[in-house]
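Below is work18.tsv, holding TSV, C-alpha atoms and all ligand atoms.
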```tsv
chain	number	residue	atom	x	y	z
A	1	MET	CA	32.96	27.64	-10.43
A	2	GLN	CA	34.77	29.78	-12.99
A	3	LYS	CA	34.81	29.42	-16.74
A	4	SER	CA	38.42	28.23	-16.52
A	5	ASP	CA	37.38	25.38	-14.18
A	6	LEU	CA	34.68	24.26	-16.61
A	7	THR	CA	37.14	24.38	-19.48
A	8	ARG	CA	39.67	22.35	-17.51
A	9	ILE	CA	37.11	19.62	-16.68
A	10	ILE	CA	35.85	19.48	-20.27
A	11	GLY	CA	39.46	19.24	-21.41
A	12	LEU	CA	39.91	16.04	-19.40
A	13	GLY	CA	37.26	14.41	-21.61
A	14	ILE	CA	34.84	11.57	-20.94
A	15	PRO	CA	36.81	9.10	-18.78
A	16	SER	CA	37.05	5.43	-19.58
A	17	THR	CA	39.36	4.28	-16.77
A	18	GLU	CA	39.38	4.52	-13.01
A	19	SER	CA	42.46	6.75	-12.90
A	20	GLN	CA	40.92	9.15	-15.40
A	21	ALA	CA	37.72	9.24	-13.32
A	22	ARG	CA	39.75	9.95	-10.17
A	23	ALA	CA	41.60	12.75	-11.92
A	24	ILE	CA	38.32	14.40	-12.94
A	25	LEU	CA	37.02	14.24	-9.37
A	26	GLY	CA	40.29	15.80	-8.25
A	27	ALA	CA	41.05	12.96	-5.85
A	28	THR	CA	44.32	11.22	-5.14
A	29	GLY	CA	44.95	7.68	-6.31
A	30	THR	CA	44.30	6.32	-2.82
A	31	ALA	CA	41.09	8.21	-1.97
A	32	ASP	CA	38.37	5.82	-0.83
A	33	TYR	CA	34.77	5.60	-1.98
A	34	ARG	CA	33.39	8.03	0.60
A	35	THR	CA	35.99	10.67	-0.24
A	36	LEU	CA	35.31	10.25	-3.95
A	37	ARG	CA	31.56	10.53	-3.38
A	38	LYS	CA	32.05	13.76	-1.44
A	39	ALA	CA	34.25	15.14	-4.20
A	40	TYR	CA	31.66	14.18	-6.82
A	41	ARG	CA	28.78	15.83	-4.94
A	42	ARG	CA	30.76	19.01	-4.44
A	43	LEU	CA	31.78	19.20	-8.12
A	44	ALA	CA	28.32	18.31	-9.39
A	45	GLY	CA	26.87	21.07	-7.23
A	46	GLU	CA	29.37	23.63	-8.45
A	47	ALA	CA	29.20	22.77	-12.13
A	48	HIS	CA	25.43	22.37	-12.38
A	49	PRO	CA	24.09	24.32	-15.40
A	50	ASP	CA	21.41	25.93	-13.20
A	51	ARG	CA	24.20	27.79	-11.46
A	52	PHE	CA	24.99	29.63	-14.64
A	53	ALA	CA	21.43	30.68	-15.43
A	54	ASN	CA	22.45	34.34	-15.35
A	55	ASP	CA	25.29	33.73	-17.79
A	56	PRO	CA	23.85	31.75	-20.72
A	57	SER	CA	27.19	31.74	-22.51
A	58	LEU	CA	28.44	29.24	-19.90
A	59	THR	CA	25.47	26.84	-19.73
A	60	THR	CA	26.65	24.76	-22.69
A	61	GLN	CA	30.07	24.39	-21.11
A	62	ALA	CA	28.51	23.59	-17.75
A	63	THR	CA	26.41	20.87	-19.41
A	64	GLN	CA	29.51	19.36	-21.01
A	65	ALA	CA	31.43	19.54	-17.73
A	66	MET	CA	28.54	17.81	-15.94
A	67	GLN	CA	28.63	15.02	-18.51
A	68	VAL	CA	32.31	14.49	-17.74
A	69	ILE	CA	31.76	14.62	-13.97
A	70	ASN	CA	28.80	12.23	-14.11
A	71	ALA	CA	30.69	9.82	-16.34
A	72	ALA	CA	33.57	9.85	-13.83
A	73	TRP	CA	31.18	9.12	-11.00
A	74	GLU	CA	29.49	6.26	-12.84
A	75	ILE	CA	32.87	4.60	-13.25
A	76	ILE	CA	33.78	5.04	-9.57
A	77	ASP	CA	30.36	3.92	-8.35
A	78	GLY	CA	30.29	0.97	-10.72
A	79	LEU	CA	33.74	-0.23	-9.70
A	80	HIS	CA	32.80	0.18	-6.04
A	81	GLY	CA	29.63	-1.83	-6.67
A	82	ILE	CA	31.56	-4.84	-7.92
A	83	GLY	CA	34.25	-4.44	-5.27
A	84	ALA	CA	36.89	-3.49	-7.83
A	85	LEU	CA	37.55	0.12	-6.81
A	86	GLY	CA	41.27	0.78	-6.63
A	87	SER	CA	42.09	-2.71	-7.82
A	88	SER	CA	41.52	-2.64	-11.53
A	89	PRO	CA	44.67	-1.30	-13.18
A	90	SER	CA	44.81	-4.38	-15.38
A	91	GLN	CA	41.28	-3.65	-16.58
A	92	GLU	CA	42.17	-0.16	-17.74
A	93	ALA	CA	41.59	0.38	-21.39
A	94	PRO	CA	44.83	0.94	-23.29
A	95	ARG	CA	45.21	4.44	-24.55
A	96	THR	CA	45.25	4.94	-28.24
A	97	SER	CA	48.08	7.42	-27.94
A	98	GLY	CA	50.66	8.28	-25.31
A	99	THR	CA	49.12	11.58	-24.36
A	100	ARG	CA	45.58	12.48	-23.56
A	101	SER	CA	43.81	14.85	-25.84
A	102	SER	CA	43.52	18.19	-24.14
A	103	GLN	CA	40.38	18.97	-26.11
A	104	TRP	CA	36.81	17.79	-25.75
A	105	ASN	CA	36.84	14.52	-27.62
A	106	PRO	CA	33.70	14.31	-29.73
A	107	THR	CA	34.19	10.68	-30.70
A	108	MET	CA	34.02	9.33	-27.16
A	109	ARG	CA	30.60	9.37	-25.56
A	110	VAL	CA	28.92	8.32	-22.33
A	111	PRO	CA	26.89	5.08	-22.42
A	112	ARG	CA	23.32	5.47	-23.65
A	113	ALA	CA	20.36	4.39	-21.52
A	114	ASP	CA	20.50	0.91	-23.08
A	115	GLU	CA	24.27	0.48	-22.73
A	116	CYS	CA	26.13	-0.83	-19.71
A	117	ASP	CA	27.69	1.85	-17.47
A	118	LEU	CA	30.48	-0.56	-16.60
A	119	CYS	CA	31.46	-2.18	-19.89
A	120	GLY	CA	29.53	-0.19	-22.48
A	121	SER	CA	27.85	-3.30	-23.89
A	122	TRP	CA	24.35	-3.44	-25.32
A	123	PRO	CA	21.71	-4.35	-24.22
A	124	ALA	CA	21.52	-3.11	-20.65
A	125	GLN	CA	18.84	-2.21	-18.18
A	126	HIS	CA	18.53	-0.07	-15.09
A	127	VAL	CA	18.92	-2.11	-11.91
A	128	HIS	CA	18.95	-1.33	-8.22
A	129	ILE	CA	21.07	-3.68	-6.15
A	130	ARG	CA	21.27	-3.41	-2.38
A	131	SER	CA	23.27	-5.19	0.30
A	132	LEU	CA	23.51	-5.00	4.06
A	133	THR	CA	26.25	-5.51	6.62
A	134	THR	CA	25.57	-5.10	10.32
A	135	VAL	CA	27.52	-5.72	13.53
A	136	LEU	CA	25.98	-4.84	16.90
A	137	ILE	CA	24.61	-1.30	16.51
A	138	TRP	CA	26.68	-0.60	13.38
A	139	PHE	CA	25.27	-1.22	9.95
A	140	SER	CA	26.31	-0.37	6.42
A	141	PRO	CA	23.80	-0.61	3.60
A	142	GLY	CA	25.20	-0.98	0.09
A	143	ASN	CA	23.34	0.59	-2.75
A	144	TYR	CA	24.08	0.48	-6.49
A	145	GLN	CA	21.80	2.04	-9.05
A	146	GLY	CA	22.75	2.10	-12.65
A	147	THR	CA	22.35	0.68	-16.12
A	148	VAL	CA	24.18	-2.58	-16.56
A	149	CYS	CA	24.34	-5.51	-18.92
A	150	ARG	CA	23.32	-8.95	-17.68
A	151	SER	CA	26.89	-10.03	-17.07
A	152	CYS	CA	28.00	-6.95	-15.10
A	153	GLY	CA	24.64	-6.92	-13.28
A	154	THR	CA	25.07	-10.55	-12.25
A	155	ALA	CA	28.53	-9.68	-10.90
A	156	LEU	CA	27.04	-6.81	-8.87
A	157	PHE	CA	24.20	-9.03	-7.69
A	158	ARG	CA	26.45	-11.88	-6.55
A	159	ASN	CA	28.76	-9.50	-4.67
A	160	ALA	CA	25.79	-7.91	-2.91
A	161	LEU	CA	24.30	-11.31	-2.08
A	162	ARG	CA	27.62	-12.56	-0.71
A	163	ARG	CA	28.03	-9.43	1.40
A	164	THR	CA	24.53	-9.75	2.87
A	165	MET	CA	24.77	-13.51	3.43
A	166	ILE	CA	28.01	-13.09	5.37
A	167	GLY	CA	27.45	-9.76	7.12
A	168	GLY	CA	23.70	-9.31	7.36
A	169	TRP	CA	23.16	-11.22	10.57
A	170	TRP	CA	25.27	-9.85	13.38
A	171	GLY	CA	23.70	-6.59	14.51
A	172	ILE	CA	20.56	-4.63	15.19
A	173	ALA	CA	19.86	-4.12	11.47
A	174	THR	CA	19.33	-7.88	11.07
A	175	ILE	CA	15.59	-7.21	11.32
A	176	ALA	CA	15.87	-5.63	7.85
A	177	THR	CA	17.93	-8.46	6.33
A	178	PRO	CA	14.91	-10.44	5.03
A	179	ILE	CA	13.77	-7.30	3.18
A	180	TYR	CA	17.19	-7.01	1.55
A	181	PHE	CA	16.97	-10.60	0.40
A	182	LEU	CA	13.57	-9.89	-1.15
A	183	LEU	CA	14.95	-6.82	-2.95
A	184	LEU	CA	17.90	-8.88	-4.19
A	185	LEU	CA	15.49	-11.53	-5.41
A	186	GLY	CA	13.68	-8.84	-7.40
A	187	ALA	CA	16.95	-7.64	-8.96
A	188	HIS	CA	17.89	-11.22	-9.77
A	189	SER	CA	14.67	-11.94	-11.63
A	190	LYS	CA	15.13	-8.76	-13.66
A	191	LEU	CA	18.69	-9.80	-14.58
A	192	LYS	CA	17.46	-13.29	-15.48
A	193	SER	CA	14.97	-11.83	-17.92
A	194	MET	CA	17.67	-9.84	-19.77
A	195	ARG	CA	19.50	-10.90	-22.90
A	196	PRO	CA	23.26	-11.40	-22.62
A	197	PRO	CA	25.49	-8.50	-23.76
A	198	ALA	CA	25.79	-8.63	-27.53
A	199	PHE	CA	27.54	-5.54	-28.84
A	200	ARG	CA	29.89	-2.77	-27.74
A	201	ASP	CA	30.50	0.47	-29.56
A	202	VAL	CA	34.23	1.28	-29.38
A	203	ASN	CA	33.42	4.94	-28.80
A	204	VAL	CA	31.60	4.29	-25.54
A	205	ALA	CA	33.62	5.43	-22.54
A	206	ALA	CA	33.35	2.78	-19.82
A	207	PRO	CA	35.86	1.41	-17.29
A	208	PHE	CA	35.76	-2.15	-18.62
A	209	ARG	CA	36.30	-3.10	-22.24
A	210	SER	CA	34.25	-6.27	-21.96
A	211	PRO	CA	31.47	-7.49	-19.65
A	212	VAL	CA	32.57	-8.26	-16.10
A	213	VAL	CA	32.69	-12.01	-15.53
A	214	PRO	CA	30.44	-12.77	-12.52
A	215	PRO	CA	32.14	-14.42	-9.53
A	216	LYS	CA	31.01	-17.81	-8.28
A	217	SER	CA	27.48	-17.74	-6.86
A	218	PRO	CA	27.54	-17.33	-3.07
A	219	LEU	CA	24.81	-19.98	-2.94
A	220	LYS	CA	27.51	-22.41	-4.08
A	221	SER	CA	30.25	-21.01	-1.80
A	222	PHE	CA	31.14	-22.41	1.59
A	223	GLY	CA	31.65	-19.15	3.56
A	224	PRO	CA	28.35	-17.38	2.82
A	225	MET	CA	26.35	-20.59	3.17
A	226	LEU	CA	28.01	-21.35	6.53
A	227	MET	CA	27.33	-17.85	7.88
A	228	THR	CA	23.72	-17.97	6.74
A	229	GLY	CA	23.32	-21.44	8.23
A	230	VAL	CA	24.72	-20.33	11.59
A	231	ALA	CA	22.45	-17.25	11.59
A	232	LEU	CA	19.36	-19.32	10.77
A	233	PHE	CA	20.27	-21.86	13.45
A	234	ILE	CA	20.60	-19.12	16.10
A	235	THR	CA	17.31	-17.55	14.98
A	236	LEU	CA	15.44	-20.87	15.15
A	237	TRP	CA	17.00	-21.61	18.54
A	238	PHE	CA	15.74	-18.25	19.86
A	239	ILE	CA	12.26	-18.81	18.46
A	240	TYR	CA	12.16	-22.31	19.95
A	241	ASN	CA	13.21	-21.03	23.38
A	242	ILE	CA	10.69	-18.19	23.39
A	243	ALA	CA	7.92	-20.53	22.27
A	244	THR	CA	8.67	-23.14	24.91
A	245	ALA	CA	9.54	-20.78	27.80
A	246	PRO	CA	7.43	-21.42	30.93
A	247	THR	CA	4.80	-18.76	31.54
A	248	PRO	CA	5.78	-16.53	34.46
A	249	SER	CA	4.02	-17.63	37.63
A	250	THR	CA	3.12	-15.83	40.85
A	251	THR	CA	5.76	-17.57	42.89
A	252	SER	CA	5.86	-17.11	46.61
A	253	ASP	CA	8.31	-18.39	49.14
A	254	SER	CA	5.66	-20.20	51.08
A	255	PRO	CA	4.51	-23.56	49.80
A	256	SER	CA	0.98	-22.43	48.96
A	257	GLN	CA	0.65	-24.99	46.24
A	258	SER	CA	-2.09	-25.22	43.73
A	259	ASP	CA	-2.81	-28.92	43.91
A	260	THR	CA	-5.26	-29.81	46.61
A	261	ILE	CA	-4.17	-32.63	48.87
A	262	THR	CA	-6.99	-35.09	49.03
A	263	GLY	CA	-8.26	-36.06	52.45
A	264	ALA	CA	-8.04	-34.35	55.82
A	265	VAL	CA	-4.59	-33.44	57.11
A	266	THR	CA	-4.09	-33.60	60.85
A	267	ILE	CA	-1.85	-31.48	63.03
A	268	GLY	CA	1.63	-32.97	63.20
A	269	THR	CA	1.68	-34.08	59.55
A	270	CYS	CA	5.03	-33.37	57.86
A	271	PHE	CA	5.68	-32.00	54.35
A	272	ARG	CA	8.76	-31.85	52.23
A	273	ALA	CA	9.29	-29.04	49.72
A	274	ALA	CA	9.08	-30.29	46.14
A	275	GLY	CA	9.84	-27.34	43.88
A	276	SER	CA	8.95	-23.74	44.44
A	277	GLU	CA	5.21	-24.26	44.74
A	278	MET	CA	4.75	-27.89	45.63
A	279	VAL	CA	5.00	-29.89	48.80
A	280	ASN	CA	4.79	-33.63	49.31
A	281	GLN	CA	3.36	-35.24	52.39
A	282	VAL	CA	6.04	-37.39	54.04
A	283	ASP	CA	6.49	-39.41	57.21
A	284	CYS	CA	7.90	-37.16	59.93
A	285	SER	CA	10.80	-39.57	60.45
A	286	GLU	CA	12.01	-38.69	56.95
A	287	PRO	CA	13.72	-35.40	56.08
A	288	HIS	CA	11.08	-32.69	55.84
A	289	ASN	CA	10.69	-28.88	55.75
A	290	TYR	CA	7.30	-28.15	57.24
A	291	ILE	CA	4.96	-29.44	59.92
A	292	VAL	CA	1.24	-28.74	60.24
A	293	THR	CA	0.61	-26.74	63.43
A	294	SER	CA	-3.05	-25.87	62.92
A	295	THR	CA	-5.91	-26.29	60.46
A	296	GLY	CA	-8.65	-23.97	59.25
A	297	THR	CA	-11.34	-23.48	56.64
A	298	ASN	CA	-9.22	-21.13	54.48
A	299	SER	CA	-5.74	-19.60	54.39
A	300	LEU	CA	-6.87	-16.60	56.45
A	301	ASP	CA	-7.17	-18.91	59.43
A	302	CYS	CA	-3.41	-19.55	59.36
A	303	PRO	CA	-1.13	-17.34	61.48
A	304	ALA	CA	0.64	-14.60	59.53
A	305	THR	CA	3.94	-15.66	61.11
A	306	GLY	CA	3.62	-19.19	59.71
A	307	ALA	CA	5.35	-20.65	56.68
A	308	GLY	CA	2.22	-20.74	54.56
A	309	TYR	CA	-0.43	-23.38	54.05
A	310	VAL	CA	-1.50	-26.26	51.89
A	311	SER	CA	-5.03	-26.67	50.64
A	312	THR	CA	-6.64	-29.84	51.85
A	313	ASP	CA	-10.03	-31.31	51.24
A	314	PRO	CA	-11.73	-29.79	53.12
A	315	GLY	CA	-10.03	-26.59	54.40
A	316	VAL	CA	-6.37	-25.76	54.76
A	317	ALA	CA	-3.46	-27.00	56.87
A	318	CYS	CA	-1.23	-24.25	58.28
A	319	LEU	CA	2.53	-24.91	58.08
A	320	THR	CA	5.47	-24.04	60.28
A	321	VAL	CA	9.08	-24.52	59.27
A	322	ASP	CA	10.41	-27.72	60.84
A	323	SER	CA	13.32	-29.94	59.97
B	401	ZN	ZN	28.42	-4.68	-18.69
```
Encoding of this model in structure tokens:
Amino acid sequence: MQKSDLTRIIGLGIPSTESQARAILGATGTADYRTLRKAYRRLAGEAHPDRFANDPSLTTQATQAMQVINAAWEIIDGLHGIGALGSSPSQEAPRTSGTRSSQWNPTMRVPRADECDLCGSWPAQHVHIRSLTTVLIWFSPGNYQGTVCRSCGTALFRNALRRTMIGGWWGIATIATPIYFLLLLGAHSKLKSMRPPAFRDVNVAAPFRSPVVPPKSPLKSFGPMLMTGVALFITLWFIYNIATAPTPSTTSDSPSQSDTITGAVTIGTCFRAAGSEMVNQVDCSEPHNYIVTSTGTNSLDCPATGAGYVSTDPGVACLTVDS
């Protein structure tokens, strides 16, 4: 990056609106989040002060340019996090004059570590809010890290929770969904412990002029609750079916059943198949499947060409197909 590029970026000043942030990242008004992120990473790499280590006269300018680039990214990332990227023209701060200052504006500043990246309010804390959407083998984790006030943070949290409750169930990544809920729970308890936003310095550059009003809790919304309910029902149904599935058995085509028939069985006795492994002794005048053609002391005594055997007490009765 040349000196002129650094000067140009510094000249754009710390952004306070989405369109200003887009202009700094050099992206068109319709560029999506991924494109903007790429642009940010490229710029941040090119303008990093370490790059100008051999030309100390430029490090101060590089540092200022990085501040501008980072501030632009915080706005884009923050708006994306609350689902407001590209849809917040009404939220744009009114400009104090018709034209932008072409000089570095010393009165505007980036939010401090205890001020909200999104609305500039104090107090604020660093939070990490994650969400997950998955369909079949596709999944898309959401990830917002930044300093936010309780109000903006709650908006981010509720959007992430809604996204995960609706989309976290329908693909391979569902195995990670419970972890995402635990992480969200952690973020929620941190937000709960914060004080509400109390003060905003007018010189803070942030995309919103007042704290973002959180949307309705997804726990009180029909759609997310329905999706979560359906997912839990399917999960429980699967668990129930696995738990109650019959254990695989060594099935054979011949009726070598496990229950011993009490009493001696004579040649000419008829059996009817009763399930894959069971036979019932029936009168030969009734419909039947097998007839006893010989008896022995164990199954080895039965001919290999036969239809199997039934254990009797004592010995076995060898069967032949008969109907
Ligand atoms: Zn805020």
For this session: Residues up to 6 Å from ligand ZN 401 (chain B), counting only C-alpha atoms and all ligand atoms: could you list those as a list of chain:residue names?
Result: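 Counting only what the definition allows, namely only C-alpha atoms and all ligand atoms, the set is A:Cys116, A:Leu118, A:Cys119, A:Gly120, A:Ser121, A:Val148, A:Cys149, A:Ser151, A:Cys152, A:Pro211.
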Selected residues, C-alpha atoms, written as a short mmCIF file (atom, residue, chain, number, x, y, z; two decimals), in the coordinates of the input, please.
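New file again_2.cif:
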```
data_model
loop_
_atom_site.label_atom_id
_atom_site.label_comp_id
_atom_site.auth_asym_id
_atom_site.auth_seq_id
_atom_site.Cartn_x
_atom_site.Cartn_y
_atom_site.Cartn_z
CA CYS A 116 26.13 -0.83 -19.71
CA LEU A 118 30.48 -0.56 -16.60
CA CYS A 119 31.46 -2.18 -19.89
CA GLY A 120 29.53 -0.19 -22.48
CA SER A 121 27.85 -3.30 -23.89
CA VAL A 148 24.18 -2.58 -16.56
CA CYS A 149 24.34 -5.51 -18.92
CA SER A 151 26.89 -10.03 -17.07
CA CYS A 152 28.00 -6.95 -15.10
CA PRO A 211 31.47 -7.49 -19.65
#
```
For this session: Measure the distance from atom CA of Ala65 of chain A to atom CA of Arg8 of chain A in Å and round it to one decimal.
Result: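 Separation of atom CA of Ala65 of chain A and atom CA of Arg8 of chain A: 8.7 Å.
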Could you list as an mmCIF file with C-alpha atoms, in the coordinates of the input every residue that has an atom within 12 Å of (30.8, 3.0, -6.3), using the file's coordinates and counting all atoms listed in the file?
```cif
data_model
loop_
_atom_site.group_PDB
_atom_site.id
_atom_site.type_symbol
_atom_site.label_atom_id
_atom_site.label_comp_id
_atom_site.auth_asym_id
_atom_site.auth_seq_id
_atom_site.Cartn_x
_atom_site.Cartn_y
_atom_site.Cartn_z
ATOM 1 C CA GLU A 18 39.380 4.520 -13.010
ATOM 2 C CA ALA A 21 37.720 9.240 -13.320
ATOM 3 C CA ARG A 22 39.750 9.950 -10.170
ATOM 4 C CA ASP A 32 38.370 5.820 -0.830
ATOM 5 C CA TYR A 33 34.770 5.600 -1.980
ATOM 6 C CA ARG A 34 33.390 8.030 0.600
ATOM 7 C CA THR A 35 35.990 10.670 -0.240
ATOM 8 C CA LEU A 36 35.310 10.250 -3.950
ATOM 9 C CA ARG A 37 31.560 10.530 -3.380
ATOM 10 C CA LYS A 38 32.050 13.760 -1.440
ATOM 11 C CA TYR A 40 31.660 14.180 -6.820
ATOM 12 C CA ALA A 72 33.570 9.850 -13.830
ATOM 13 C CA TRP A 73 31.180 9.120 -11.000
ATOM 14 C CA GLU A 74 29.490 6.260 -12.840
ATOM 15 C CA ILE A 75 32.870 4.600 -13.250
ATOM 16 C CA ILE A 76 33.780 5.040 -9.570
ATOM 17 C CA ASP A 77 30.360 3.920 -8.350
ATOM 18 C CA GLY A 78 30.290 0.970 -10.720
ATOM 19 C CA LEU A 79 33.740 -0.230 -9.700
ATOM 20 C CA HIS A 80 32.800 0.180 -6.040
ATOM 21 C CA GLY A 81 29.630 -1.830 -6.670
ATOM 22 C CA ILE A 82 31.560 -4.840 -7.920
ATOM 23 C CA GLY A 83 34.250 -4.440 -5.270
ATOM 24 C CA ALA A 84 36.890 -3.490 -7.830
ATOM 25 C CA LEU A 85 37.550 0.120 -6.810
ATOM 26 C CA GLY A 86 41.270 0.780 -6.630
ATOM 27 C CA ASP A 117 27.690 1.850 -17.470
ATOM 28 C CA LEU A 118 30.480 -0.560 -16.600
ATOM 29 C CA ILE A 129 21.070 -3.680 -6.150
ATOM 30 C CA GLY A 142 25.200 -0.980 0.090
ATOM 31 C CA ASN A 143 23.340 0.590 -2.750
ATOM 32 C CA TYR A 144 24.080 0.480 -6.490
ATOM 33 C CA GLN A 145 21.800 2.040 -9.050
ATOM 34 C CA GLY A 146 22.750 2.100 -12.650
ATOM 35 C CA LEU A 156 27.040 -6.810 -8.870
#
```
Local residues around (23.3, -16.5, 1.8), at most 7 Å away, using only C-alpha atoms, as a PDB file with C-alpha atoms, in the frame of the given file:
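Listed below is the output, result-v6.pdb:
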```pdb
ATOM      1  CA  LEU A 161      24.300 -11.310  -2.080  1.00  0.00           C
ATOM      2  CA  ARG A 162      27.620 -12.560  -0.710  1.00  0.00           C
ATOM      3  CA  THR A 164      24.530  -9.750   2.870  1.00  0.00           C
ATOM      4  CA  MET A 165      24.770 -13.510   3.430  1.00  0.00           C
ATOM      5  CA  ILE A 166      28.010 -13.090   5.370  1.00  0.00           C
ATOM      6  CA  PRO A 218      27.540 -17.330  -3.070  1.00  0.00           C
ATOM      7  CA  LEU A 219      24.810 -19.980  -2.940  1.00  0.00           C
ATOM      8  CA  PRO A 224      28.350 -17.380   2.820  1.00  0.00           C
ATOM      9  CA  MET A 225      26.350 -20.590   3.170  1.00  0.00           C
ATOM     10  CA  THR A 228      23.720 -17.970   6.740  1.00  0.00           C
TER      11      THR A 228
END
```
For this session: Between A:Cys270, A:Ile172, A:Ala113, A:Leu43, single out the one closest to His288 of chain A, counting all atoms listed in the file.
Result: A:Cys270
Exercise. So what do you get for atom CA of Val213 of chain A versus atom CA of Thr154 of chain A, distance-wise?
Worked result: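 Calculated distance between atom CA of Val213 of chain A and atom CA of Thr154 of chain A is 8.4 Å.
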Taking 3 positions as the minimum chain separation for residues in the same chain, which residues sit within 12 Å of Ala231 of chain A when counting all atoms listed in the file? Answer as a tab-separated table (two decimals) with C-alpha atoms, in the frame of the given file.
```
chain	number	residue	atom	x	y	z
A	164	THR	CA	24.53	-9.75	2.87
A	165	MET	CA	24.77	-13.51	3.43
A	166	ILE	CA	28.01	-13.09	5.37
A	167	GLY	CA	27.45	-9.76	7.12
A	168	GLY	CA	23.70	-9.31	7.36
A	169	TRP	CA	23.16	-11.22	10.57
A	170	TRP	CA	25.27	-9.85	13.38
A	171	GLY	CA	23.70	-6.59	14.51
A	174	THR	CA	19.33	-7.88	11.07
A	177	THR	CA	17.93	-8.46	6.33
A	224	PRO	CA	28.35	-17.38	2.82
A	225	MET	CA	26.35	-20.59	3.17
A	226	LEU	CA	28.01	-21.35	6.53
A	227	MET	CA	27.33	-17.85	7.88
A	228	THR	CA	23.72	-17.97	6.74
A	234	ILE	CA	20.60	-19.12	16.10
A	235	THR	CA	17.31	-17.55	14.98
A	236	LEU	CA	15.44	-20.87	15.15
A	237	TRP	CA	17.00	-21.61	18.54
A	238	PHE	CA	15.74	-18.25	19.86
```
Exercise. For Thr320 of chain A, which residue out of A:Gln125, A:Asn289, A:Gln64, A:Asn298 is the nearest one, using only C-alpha atoms?
Worked result: A:Asn289
For this session: Give me, please, the distance in Å between atom CA of Lys216 of chain A and atom CA of Arg158 of chain A, quoted to one decimal.
Result: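 So the two atoms, atom CA of Lys216 of chain A and atom CA of Arg158 of chain A, lie 7.7 Å apart.
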Exercise. Any idea what's packed within 12 Å of Asp5 of chain A, counting all atoms listed in the file, ignoring anything in its chain fewer than 3 positions away? Could you give it as JSON, numbers by chain?
Worked result: {"A": [1, 2, 8, 9, 10, 11, 12, 24, 26, 43, 46, 47, 58, 61, 62, 65, 66]}
Given 5 Å on each side, where is the centre and what are the edge lengths in Å to one decimal of the axis-aligned box enclosing the listed atoms of segment 270-279 of chain A, as AutoDock Vina command-line options?
```
--center_x 7.3 --center_y -28.6 --center_z 50.9 --size_x 15.1 --size_y 19.6 --size_z 24.0
```
Problem set entry | Nearest candidate to His188 of chain A (options A:Thr266, A:Ser217, A:Gln67, A:Thr293; using all atoms listed in the file) |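 Among A:Thr266, A:Ser217, A:Gln67, A:Thr293, it is A:Ser217 that comes nearest to His188 of chain A.
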For this session: Compare A:Val110, A:Ile137, A:Arg163, A:Arg51 by their minimum atom-to-atom distance to Gly223 of chain A, counting all atoms listed in the file, and give me the closest one.
Result: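 Looking only at the distances to Gly223 of chain A, the closest residue turns out to be A:Arg163.
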